[in-house]
Structures are given as C-alpha cells and as structure tokens.
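input_2.cif follows; it contains mmCIF, C-alpha atoms.
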data_start
loop_
_atom_site.group_PDB
_atom_site.id
_atom_site.type_symbol
_atom_site.label_atom_id
_atom_site.label_comp_id
_atom_site.auth_asym_id
_atom_site.auth_seq_id
_atom_site.Cartn_x
_atom_site.Cartn_y
_atom_site.Cartn_z
ATOM 1 C CA MET X 23 -17.838 0.646 -2.883
ATOM 2 C CA ASP X 24 -20.105 1.425 0.023
ATOM 3 C CA ASN X 25 -21.412 4.858 0.943
ATOM 4 C CA HIS X 26 -19.190 5.101 4.050
ATOM 5 C CA ILE X 27 -16.036 4.921 1.914
ATOM 6 C CA LYS X 28 -17.395 7.516 -0.557
ATOM 7 C CA LYS X 29 -18.425 9.827 2.267
ATOM 8 C CA VAL X 30 -15.047 9.595 4.021
ATOM 9 C CA TYR X 31 -12.721 9.668 0.999
ATOM 10 C CA VAL X 32 -14.427 11.640 -1.779
ATOM 11 C CA PRO X 33 -13.365 14.395 -2.044
ATOM 12 C CA MET X 34 -9.963 13.370 -0.720
ATOM 13 C CA THR X 35 -7.489 15.252 1.370
ATOM 14 C CA GLU X 36 -4.154 15.954 -0.297
ATOM 15 C CA THR X 37 -2.562 13.531 2.148
ATOM 16 C CA GLY X 38 -4.919 10.721 1.199
ATOM 17 C CA PHE X 39 -4.555 11.475 -2.488
ATOM 18 C CA TYR X 40 -0.776 11.404 -2.429
ATOM 19 C CA ILE X 41 -0.651 8.253 -0.297
ATOM 20 C CA LEU X 42 -2.820 6.337 -2.756
ATOM 21 C CA LEU X 43 -0.927 7.792 -5.690
ATOM 22 C CA CYS X 44 2.405 6.708 -4.200
ATOM 23 C CA LEU X 45 1.179 3.245 -3.267
ATOM 24 C CA GLN X 46 0.501 2.195 -6.832
ATOM 25 C CA LYS X 47 3.869 0.536 -6.250
ATOM 26 C CA GLU X 48 4.786 -1.047 -2.927
ATOM 27 C CA ASN X 49 6.242 1.549 -0.546
ATOM 28 C CA HIS X 50 6.670 2.421 3.140
ATOM 29 C CA GLY X 51 5.751 5.573 5.071
ATOM 30 C CA TYR X 52 9.128 7.278 4.842
ATOM 31 C CA GLY X 53 9.323 6.461 1.122
ATOM 32 C CA ILE X 54 5.920 8.071 0.614
ATOM 33 C CA VAL X 55 7.026 11.198 2.503
ATOM 34 C CA GLN X 56 10.098 11.500 0.263
ATOM 35 C CA LYS X 57 8.148 10.836 -2.953
ATOM 36 C CA VAL X 58 5.495 13.440 -2.088
ATOM 37 C CA LYS X 59 8.164 16.007 -1.272
ATOM 38 C CA GLU X 60 9.788 15.290 -4.651
ATOM 39 C CA MET X 61 6.489 15.344 -6.592
ATOM 40 C CA THR X 62 5.395 18.658 -5.070
ATOM 41 C CA GLY X 63 8.743 20.428 -5.168
ATOM 42 C CA GLY X 64 8.788 20.477 -1.368
ATOM 43 C CA GLU X 65 5.414 22.238 -1.078
ATOM 44 C CA ILE X 66 3.871 19.326 0.803
ATOM 45 C CA ASN X 67 5.776 17.775 3.677
ATOM 46 C CA LEU X 68 3.840 14.955 5.346
ATOM 47 C CA THR X 69 4.559 14.657 9.055
ATOM 48 C CA PRO X 70 4.972 11.217 10.644
ATOM 49 C CA GLY X 71 1.794 11.597 12.713
ATOM 50 C CA THR X 72 -0.304 12.476 9.694
ATOM 51 C CA MET X 73 1.337 9.808 7.533
ATOM 52 C CA TYR X 74 1.044 6.893 9.925
ATOM 53 C CA GLY X 75 -2.454 7.860 11.088
ATOM 54 C CA SER X 76 -3.600 7.954 7.462
ATOM 55 C CA LEU X 77 -1.902 4.657 6.604
ATOM 56 C CA SER X 78 -3.574 2.992 9.588
ATOM 57 C CA LYS X 79 -7.031 4.337 8.692
ATOM 58 C CA MET X 80 -6.665 3.478 5.002
ATOM 59 C CA GLU X 81 -5.537 -0.049 5.845
ATOM 60 C CA LYS X 82 -8.505 -0.490 8.217
ATOM 61 C CA ASP X 83 -10.872 0.784 5.507
ATOM 62 C CA GLY X 84 -9.385 -1.565 2.893
ATOM 63 C CA LEU X 85 -7.861 1.050 0.559
ATOM 64 C CA ILE X 86 -4.318 -0.193 1.120
ATOM 65 C CA GLU X 87 -2.869 -3.418 2.419
ATOM 66 C CA PHE X 88 0.241 -4.441 4.286
ATOM 67 C CA ARG X 89 2.462 -6.437 1.932
ATOM 68 C CA ARG X 90 5.605 -7.266 3.900
ATOM 69 C CA GLU X 91 8.206 -5.927 6.285
ATOM 70 C CA GLU X 92 11.674 -4.956 5.111
ATOM 71 C CA ASP X 93 14.396 -3.532 7.368
ATOM 72 C CA LYS X 94 11.787 -2.842 10.084
ATOM 73 C CA ARG X 95 9.665 -0.858 7.615
ATOM 74 C CA ARG X 96 6.112 -1.874 6.784
ATOM 75 C CA LEU X 97 5.507 -1.905 3.033
ATOM 76 C CA TYR X 98 2.010 -1.179 1.746
ATOM 77 C CA GLU X 99 0.288 -1.266 -1.618
ATOM 78 C CA ILE X 100 -3.008 0.077 -2.929
ATOM 79 C CA THR X 101 -5.946 -2.361 -3.176
ATOM 80 C CA ASP X 102 -8.621 -2.559 -5.866
ATOM 81 C CA LEU X 103 -10.906 -0.478 -3.629
ATOM 82 C CA GLY X 104 -8.126 2.087 -3.224
ATOM 83 C CA ARG X 105 -7.712 2.250 -7.010
ATOM 84 C CA GLU X 106 -11.444 2.811 -7.375
ATOM 85 C CA VAL X 107 -11.392 5.668 -4.832
ATOM 86 C CA LEU X 108 -8.294 7.185 -6.474
ATOM 87 C CA GLY X 109 -10.020 6.949 -9.860
ATOM 88 C CA LEU X 110 -13.062 8.824 -8.546
ATOM 89 C CA GLU X 111 -10.829 11.543 -7.138
ATOM 90 C CA LEU X 112 -8.839 11.862 -10.372
ATOM 91 C CA LYS X 113 -12.102 12.156 -12.312
ATOM 92 C CA ARG X 114 -13.264 14.881 -9.893
ATOM 93 C CA ILE X 115 -9.974 16.782 -10.215
ATOM 94 C CA LYS X 116 -10.077 16.595 -14.026
ATOM 95 C CA ARG X 117 -13.644 17.954 -13.984
ATOM 96 C CA LEU X 118 -12.591 20.830 -11.717
ATOM 97 C CA TYR X 119 -9.638 21.638 -13.960
ATOM 98 C CA LYS X 120 -11.768 21.496 -17.122
ATOM 99 C CA ASN X 121 -14.383 23.794 -15.571
ATOM 100 C CA ALA X 122 -11.709 26.250 -14.426
ATOM 101 C CA LEU X 123 -10.242 26.421 -17.947
ATOM 102 C CA GLU X 124 -13.678 26.955 -19.456
ATOM 103 C CA ALA X 125 -14.440 29.727 -16.962
ATOM 104 C CA GLU X 126 -11.186 31.504 -17.882
ATOM 105 C CA GLU X 127 -12.174 31.502 -21.564
ATOM 106 C CA LYS X 128 -15.437 33.338 -20.902
#
Rewrite the structure from the file as structure tokens, please.
Amino acid sequence: MDNHIKKVYVPMTETGFYILLCLQKENHGYGIVQKVKEMTGGEINLTPGTMYGSLSKMEKDGLIEFRREEDKRRLYEITDLGREVLGLELKRIKRLYKNALEAEEK
C-alpha cells in the first residue's frame, strides 16, 4: 500500500468505512445505502451524491472494483487493497475502543 492511499483513507470517513464493509460481498450503490441504514438503525443515511462519488473515487484508487451490471445497476466488490485498508481502520477502531475502556476504569 502506498503512502497516498494511507494518507487519503486512514483514518476513514464513516462513508468509506461502511462502503468497504458492505462490499465484502458484491453489491450496488442502492444496496449499500439500504444495508448501512439497517446496520446503523437509520442513524446514517448515505445520499446518492456521497455514495456514487465515493464509489467512483474508491474504484479509481483500487479499493473496490466493478464486477458486473445487473438490471442497470453496477455491482462492486472490495479488492485486496480495500481489505488491507479496511483492516487498518478496524485495527485503529479497536485500539480507540480499548483505550476508551481503559480510561473509564481509571
């Protein structure tokens, strides 16, 4: 992973995080929007502009790839680079959570 990718994606925005999380299985933009809404109990509602701008940028940067088109919807899936970036973010989040719990105990 080059420094540009680390600089742009770590730490990640919630939008980027949820897109990569949802694309561990092939999905399209609207499917991601619905899955994120379900996962967050409606707290996060991705707008089409944000969603499709992020998908385009992530595809250009190699984090996701276009797989196929189905019913006029473009289906994407996470790449190995995307999994690596998601793994770094998950590690960062776990560290934050662990530190927060430790701080509460003191």
### Query
Which residue gives the smallest distance to Leu68 in chain X among X:Thr37, X:Leu45, X:Asp24, X:Phe88, with all atoms listed in the file counted?
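Between X:Thr37, X:Leu45, X:Asp24, X:Phe88, the residue approaching Leu68 in chain X most closely is X:Thr37.
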### Query
Which residues, protein or nucleic acid, reach to within 10 Å of (3.1, 6.4, 4.8) in the file's coordinates when using only C-alpha atoms, and can you give that as a PyMOL selection string?
chain X and resi 37-38+40-42+44-45+49-56+68-78+96-98
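Pairwise distance (CA of Thr101 in chain X, CA of Val58 in chain X) equals 19.5 Å.
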### Message
Every residue with an atom at most 9 Å from (-7.1, 7.1, -5.2) (file coordinates; all atoms listed in the file) is what I'm after, so could you write them as a list in words?
### Response
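Result, sorted by chain then residue number: Tyr31, Met34, Gly38, Phe39, Tyr40, Ile41, Leu42, Leu43, Leu85, Ile100, Leu103, Gly104, Arg105, Glu106, Val107, Leu108, Gly109, Leu110, Glu111 and Leu112 of chain X.
Distance-wise, CA of Lys47 in chain X and CA of Leu118 in chain X end up 26.7 Å apart.
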### Query
At what distance in Å, to one decimal, does CA of Lys128 in chain X lie from CA of Arg114 in chain X?
21.6 Å
### Task
Return the single residue from X:Ile115, X:Arg95, X:Asn121, X:Glu48 that is closest to Glu36 in chain X, with distances computed using all atoms listed in the file.
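Once distances to Glu36 in chain X are computed over all atoms listed in the file, the minimum belongs to X:Ile115.
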Reconstruct all heavy atoms of range 29-40 of chain X; output as an mmCIF file, in the frame of the given file.
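For reference, rebuild_9.cif as written:
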data_model
loop_
_atom_site.group_PDB
_atom_site.id
_atom_site.type_symbol
_atom_site.label_atom_id
_atom_site.label_comp_id
_atom_site.auth_asym_id
_atom_site.auth_seq_id
_atom_site.Cartn_x
_atom_site.Cartn_y
_atom_site.Cartn_z
ATOM 1 N N LYS X 29 -18.235 8.668 1.400
ATOM 2 C CA LYS X 29 -18.425 9.827 2.267
ATOM 3 C C LYS X 29 -17.112 10.261 2.921
ATOM 4 O O LYS X 29 -16.829 11.448 3.033
ATOM 5 C CB LYS X 29 -19.464 9.490 3.345
ATOM 6 C CG LYS X 29 -19.808 10.633 4.256
ATOM 7 C CD LYS X 29 -20.868 10.232 5.251
ATOM 8 C CE LYS X 29 -21.154 11.360 6.210
ATOM 9 N NZ LYS X 29 -22.136 11.011 7.218
ATOM 10 N N VAL X 30 -16.289 9.295 3.318
ATOM 11 C CA VAL X 30 -15.047 9.595 4.021
ATOM 12 C C VAL X 30 -13.938 10.039 3.072
ATOM 13 O O VAL X 30 -13.146 10.922 3.401
ATOM 14 C CB VAL X 30 -14.582 8.369 4.850
ATOM 15 C CG1 VAL X 30 -13.187 8.569 5.417
ATOM 16 C CG2 VAL X 30 -15.567 8.083 5.966
ATOM 17 N N TYR X 31 -13.882 9.460 1.863
ATOM 18 C CA TYR X 31 -12.721 9.668 0.999
ATOM 19 C C TYR X 31 -12.956 10.509 -0.255
ATOM 20 O O TYR X 31 -11.996 10.839 -0.939
ATOM 21 C CB TYR X 31 -12.129 8.317 0.583
ATOM 22 C CG TYR X 31 -11.478 7.607 1.740
ATOM 23 C CD1 TYR X 31 -12.116 6.581 2.409
ATOM 24 C CD2 TYR X 31 -10.212 7.991 2.187
ATOM 25 C CE1 TYR X 31 -11.523 5.931 3.475
ATOM 26 C CE2 TYR X 31 -9.607 7.347 3.259
ATOM 27 C CZ TYR X 31 -10.265 6.317 3.892
ATOM 28 O OH TYR X 31 -9.667 5.689 4.949
ATOM 29 N N VAL X 32 -14.190 10.834 -0.576
ATOM 30 C CA VAL X 32 -14.427 11.640 -1.779
ATOM 31 C C VAL X 32 -15.229 12.871 -1.388
ATOM 32 O O VAL X 32 -16.352 12.737 -0.912
ATOM 33 C CB VAL X 32 -15.189 10.836 -2.858
ATOM 34 C CG1 VAL X 32 -15.398 11.668 -4.111
ATOM 35 C CG2 VAL X 32 -14.428 9.552 -3.199
ATOM 36 N N PRO X 33 -14.690 14.086 -1.522
ATOM 37 C CA PRO X 33 -13.365 14.395 -2.044
ATOM 38 C C PRO X 33 -12.279 14.014 -1.037
ATOM 39 O O PRO X 33 -12.525 13.936 0.168
ATOM 40 C CB PRO X 33 -13.384 15.907 -2.266
ATOM 41 C CG PRO X 33 -14.407 16.427 -1.308
ATOM 42 C CD PRO X 33 -15.417 15.317 -1.137
ATOM 43 N N MET X 34 -11.083 13.805 -1.547
ATOM 44 C CA MET X 34 -9.963 13.370 -0.720
ATOM 45 C C MET X 34 -9.154 14.548 -0.201
ATOM 46 O O MET X 34 -9.113 15.598 -0.829
ATOM 47 C CB MET X 34 -9.010 12.481 -1.541
ATOM 48 C CG MET X 34 -9.624 11.196 -1.990
ATOM 49 S SD MET X 34 -8.397 10.137 -2.752
ATOM 50 C CE MET X 34 -7.730 9.426 -1.256
ATOM 51 N N THR X 35 -8.495 14.296 0.906
ATOM 52 C CA THR X 35 -7.489 15.252 1.370
ATOM 53 C C THR X 35 -6.259 15.088 0.482
ATOM 54 O O THR X 35 -6.089 14.046 -0.166
ATOM 55 C CB THR X 35 -7.085 14.964 2.827
ATOM 56 O OG1 THR X 35 -6.473 13.679 2.885
ATOM 57 C CG2 THR X 35 -8.276 15.038 3.772
ATOM 58 N N GLU X 36 -5.406 16.091 0.462
ATOM 59 C CA GLU X 36 -4.154 15.954 -0.297
ATOM 60 C C GLU X 36 -3.322 14.795 0.243
ATOM 61 O O GLU X 36 -2.725 14.044 -0.521
ATOM 62 C CB GLU X 36 -3.337 17.251 -0.247
ATOM 63 C CG GLU X 36 -3.819 18.288 -1.218
ATOM 64 C CD GLU X 36 -2.897 19.487 -1.274
ATOM 65 O OE1 GLU X 36 -2.550 20.033 -0.201
ATOM 66 O OE2 GLU X 36 -2.523 19.871 -2.395
ATOM 67 N N THR X 37 -3.321 14.628 1.547
ATOM 68 C CA THR X 37 -2.562 13.531 2.148
ATOM 69 C C THR X 37 -3.051 12.190 1.622
ATOM 70 O O THR X 37 -2.265 11.363 1.154
ATOM 71 C CB THR X 37 -2.676 13.566 3.691
ATOM 72 O OG1 THR X 37 -2.121 14.788 4.172
ATOM 73 C CG2 THR X 37 -1.973 12.392 4.328
ATOM 74 N N GLY X 38 -4.351 11.970 1.683
ATOM 75 C CA GLY X 38 -4.919 10.721 1.199
ATOM 76 C C GLY X 38 -4.651 10.501 -0.279
ATOM 77 O O GLY X 38 -4.303 9.394 -0.708
ATOM 78 N N PHE X 39 -4.795 11.559 -1.049
ATOM 79 C CA PHE X 39 -4.555 11.475 -2.488
ATOM 80 C C PHE X 39 -3.119 11.049 -2.783
ATOM 81 O O PHE X 39 -2.880 10.113 -3.545
ATOM 82 C CB PHE X 39 -4.855 12.833 -3.142
ATOM 83 C CG PHE X 39 -4.535 12.875 -4.603
ATOM 84 C CD1 PHE X 39 -5.394 12.324 -5.533
ATOM 85 C CD2 PHE X 39 -3.365 13.472 -5.046
ATOM 86 C CE1 PHE X 39 -5.099 12.353 -6.893
ATOM 87 C CE2 PHE X 39 -3.051 13.512 -6.394
ATOM 88 C CZ PHE X 39 -3.932 12.957 -7.321
ATOM 89 N N TYR X 40 -2.181 11.715 -2.157
ATOM 90 C CA TYR X 40 -0.776 11.404 -2.429
ATOM 91 C C TYR X 40 -0.381 10.020 -1.908
ATOM 92 O O TYR X 40 0.435 9.334 -2.522
ATOM 93 C CB TYR X 40 0.153 12.485 -1.882
ATOM 94 C CG TYR X 40 0.230 13.672 -2.803
ATOM 95 C CD1 TYR X 40 -0.301 14.900 -2.434
ATOM 96 C CD2 TYR X 40 0.811 13.561 -4.055
ATOM 97 C CE1 TYR X 40 -0.244 15.994 -3.292
ATOM 98 C CE2 TYR X 40 0.872 14.649 -4.922
ATOM 99 C CZ TYR X 40 0.344 15.860 -4.536
ATOM 100 O OH TYR X 40 0.407 16.930 -5.386
#
